[in-house]
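This report refers to the structure that appears directly beneath it.
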Amino acid sequence: MTSCPTKLHCFLLPRVLRRAITRTRFSGKTAAHRYNVGDMAVAAAENNMLEPGNLALVLQSHAILAFRNDRVVGRMESELFEMLRQSKATAACLATSLLSLSQLFSASALPDRSERCERSELIDGGARVALEHLSFFTVAQLCNLLQAMANFRIRGDRQVSALLLGISNSLARQTSELSSKDCGTIAKTFAVCRVHDERILTALASRLREKDVRTLLTAEELSSVLYGFAKFTSQDIALLDLLSIEVRRHLHALDATLMSSMLASLAKAGVSCPVLTGRATQILRRTLPGNESAVSHRVSHPCNLQLATFSELSALTMAFAKFQVRDSRLHERLAQAFLECNDSIQPIKALEVQSCPELINVVHAFAKVHIAPVKLFGAVMGLLLSRPPEELSTRDAVKFLHALAKVEYTILPQMKGHILAALSPHRLNELGVFELLKLAVAARKLGLDLPQLEAQVSAILPNEPSLQSQSGNPQRRPVSKRRRRKSARKQKWSW
């Protein structure tokens, strides 16, 4: 008689779960319902009566609303691991379960560890089983596996890398079945997991050249595709030009996250798109802080720099720098956004919690277009001075001086001592020839006295002019001698 309730639970569980998935997406009274569903699933698992499909539905119902229930989810992880060991997990169960677990992981709703297995063992076991039975998976299920590995952000794992290469080989043979969403998932997963396979990139490129597929890309999918091709420095300029046209089509609806991602990917790929950057510049410089009333009659654009994170602002500024967009009003807006950006964790400004390399990257991005916002550079200088000298590495100091020399920024005496501490003689040995030359040029422009640098440069390049001889008289470009214009008769016979 004790097994009757469990049998009833197993009979009702699929109906309850499907109702939970389809009807509770927009309901606020779901916590008690989720706990009841979890209790039914745990009761079925304790009596070895939980089916693979029901296990996947339990995890999927929790992942839809990012509902955290450590007891139930930990138990489901253990049951999935046992099913893998006993070869009971189906292709649909494995793909859906791993995707749901990865979505819970992204939402920080996974327990710290399950009851019987480590999560890394579960992922490795799932990857091994999937690799051995790839022929049983559909295209949609393979893409679910890829999305799961991207959400977990697994890099350098031998088993996961082998799975991705196996999926690449399978999908490259059925390119015609890939949808626009599948293309975005595939491109981003291989880039996030740092697994390079030219076959899948070629297959994606041929599929994305079809206009019907390309026009169905949403903004998020387009961002994923561009990120994947840019991460592996794709040289397919024709395809990237077509994708940049799609970016222009979505530009009016992009927020700061998507705009920074797309522009950074196009800049990394080396695609020149002046029309796109011109329109993006007009959108971002349309309103300045304290000047909203002048454009109150216009519809506000979703790309609000005041809501952007520090990393998004940094990527956006570097993208415009690589595109060589020299718009003072745009960079004034970006500099103001950096100063007003708040940290997402602590109630302080985001600049105050950044490391030295990230602060120097901000200065480097503005210096690439020869613009030096006074308030922003002053804030960065003050933050660098407040850090211990050993936090500033030698290469970061070279990059910082090179950027300041471009805009001819005057360095305070305290900052000079801070930088010279990072350029001690024994630390200069870490630099290569080109870095030494960059440092020599920057020190010459800024008037820094570095005798140890002069000795190293003269030892490597004896004909290079010394710093002391050039410090008061900076090197100037040779001016070509003007010649008289030849007559038409002489041009005819001397061409």
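Letters for chains follow the order of the structure tokens (A, B, ...), residue numbers begin at 1 for each chain, and ligand numbers begin at 1 in the order shown.
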
May I have a table of the residues of region 37-109 of chain A lying at most 6 Å from region 135-159 of chain A, giving each one's closest pair of atoms and their distance in Å to one decimal, counting only C-alpha atoms, ordered by chain and ascending residue number, as JSON lines?
```
{"residue": "A:Ala91", "atom": "CA", "partner": "A:Phe137", "partner_atom": "CA", "distance": 5.8}
{"residue": "A:Ala95", "atom": "CA", "partner": "A:Leu145", "partner_atom": "CA", "distance": 5.4}
{"residue": "A:Leu98", "atom": "CA", "partner": "A:Ala148", "partner_atom": "CA", "distance": 5.9}
{"residue": "A:Leu99", "atom": "CA", "partner": "A:Ala148", "partner_atom": "CA", "distance": 4.5}
{"residue": "A:Ser102", "atom": "CA", "partner": "A:Ala148", "partner_atom": "CA", "distance": 5.2}
```

Output all heavy atoms for every residue in that selection, as a PDB file, in the first residue's frame.
```
ATOM      1  N   ALA A  91      18.478  10.999 -25.524  1.00  0.00           N
ATOM      2  CA  ALA A  91      19.097  12.188 -26.116  1.00  0.00           C
ATOM      3  C   ALA A  91      18.333  13.449 -25.720  1.00  0.00           C
ATOM      4  O   ALA A  91      18.934  14.461 -25.355  1.00  0.00           O
ATOM      5  CB  ALA A  91      19.144  12.042 -27.636  1.00  0.00           C
ATOM      6  N   ALA A  95      20.039  16.478 -23.411  1.00  0.00           N
ATOM      7  CA  ALA A  95      20.161  17.835 -23.954  1.00  0.00           C
ATOM      8  C   ALA A  95      19.344  18.839 -23.148  1.00  0.00           C
ATOM      9  O   ALA A  95      19.843  19.910 -22.781  1.00  0.00           O
ATOM     10  CB  ALA A  95      19.724  17.843 -25.418  1.00  0.00           C
ATOM     11  N   LEU A  98      20.875  19.254 -19.379  1.00  0.00           N
ATOM     12  CA  LEU A  98      22.104  20.054 -19.315  1.00  0.00           C
ATOM     13  C   LEU A  98      21.826  21.519 -19.629  1.00  0.00           C
ATOM     14  O   LEU A  98      22.407  22.418 -19.013  1.00  0.00           O
ATOM     15  CB  LEU A  98      23.143  19.483 -20.278  1.00  0.00           C
ATOM     16  CG  LEU A  98      23.807  18.167 -19.859  1.00  0.00           C
ATOM     17  CD1 LEU A  98      24.804  17.712 -20.918  1.00  0.00           C
ATOM     18  CD2 LEU A  98      24.515  18.307 -18.514  1.00  0.00           C
ATOM     19  N   LEU A  99      20.943  21.782 -20.582  1.00  0.00           N
ATOM     20  CA  LEU A  99      20.597  23.171 -20.892  1.00  0.00           C
ATOM     21  C   LEU A  99      19.914  23.841 -19.700  1.00  0.00           C
ATOM     22  O   LEU A  99      20.231  24.993 -19.357  1.00  0.00           O
ATOM     23  CB  LEU A  99      19.695  23.216 -22.121  1.00  0.00           C
ATOM     24  CG  LEU A  99      19.207  24.609 -22.539  1.00  0.00           C
ATOM     25  CD1 LEU A  99      20.383  25.515 -22.871  1.00  0.00           C
ATOM     26  CD2 LEU A  99      18.251  24.516 -23.718  1.00  0.00           C
ATOM     27  N   SER A 102      22.438  24.577 -17.006  1.00  0.00           N
ATOM     28  CA  SER A 102      23.289  25.713 -17.362  1.00  0.00           C
ATOM     29  C   SER A 102      22.554  27.036 -17.201  1.00  0.00           C
ATOM     30  O   SER A 102      23.141  28.047 -16.806  1.00  0.00           O
ATOM     31  CB  SER A 102      23.790  25.552 -18.801  1.00  0.00           C
ATOM     32  OG  SER A 102      22.733  25.723 -19.739  1.00  0.00           O
TER      33      SER A 102
END
```

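In this comparison, which uses only C-alpha atoms, the residue of A:Lys188, A:Thr202, A:His402, A:Ser161 approaching Thr175 (chain A) most closely is A:Thr202.
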
List as JSON lines every residue of region 133-241 of chain A that is in contact with region 270-273 of chain A, defined as an atom at most 12 Å from one of its atoms (using only C-alpha atoms), together with the nearest atom pair and the distance in Å rounded to one decimal, sorted by chain and then rising number.
```
{"residue": "A:Leu226", "atom": "CA", "partner": "A:Val271", "partner_atom": "CA", "distance": 11.2}
{"residue": "A:Phe229", "atom": "CA", "partner": "A:Gly270", "partner_atom": "CA", "distance": 11.4}
{"residue": "A:Ala230", "atom": "CA", "partner": "A:Gly270", "partner_atom": "CA", "distance": 8.8}
{"residue": "A:Lys231", "atom": "CA", "partner": "A:Gly270", "partner_atom": "CA", "distance": 11.7}
{"residue": "A:Thr233", "atom": "CA", "partner": "A:Gly270", "partner_atom": "CA", "distance": 8.6}
{"residue": "A:Ser234", "atom": "CA", "partner": "A:Gly270", "partner_atom": "CA", "distance": 9.4}
{"residue": "A:Gln235", "atom": "CA", "partner": "A:Gly270", "partner_atom": "CA", "distance": 8.9}
{"residue": "A:Asp236", "atom": "CA", "partner": "A:Val271", "partner_atom": "CA", "distance": 9.9}
{"residue": "A:Ile237", "atom": "CA", "partner": "A:Val271", "partner_atom": "CA", "distance": 7.0}
{"residue": "A:Ala238", "atom": "CA", "partner": "A:Val271", "partner_atom": "CA", "distance": 9.6}
{"residue": "A:Leu239", "atom": "CA", "partner": "A:Val271", "partner_atom": "CA", "distance": 10.3}
{"residue": "A:Leu240", "atom": "CA", "partner": "A:Val271", "partner_atom": "CA", "distance": 7.1}
{"residue": "A:Asp241", "atom": "CA", "partner": "A:Val271", "partner_atom": "CA", "distance": 7.2}
```

Looking at only C-alpha atoms, which of A:Arg427, A:Ile348, A:Glu358, A:Tyr409 is the one that sits closest to Ala372 (chain A)?
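Under the stated criterion, the closest residue is A:Tyr409.
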
Separation of CA of Val225 (chain A) from CA of Leu242 (chain A), in Å and rounded to one decimal:
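Interatomic distance, CA of Val225 (chain A) to CA of Leu242 (chain A): 12.1 Å.
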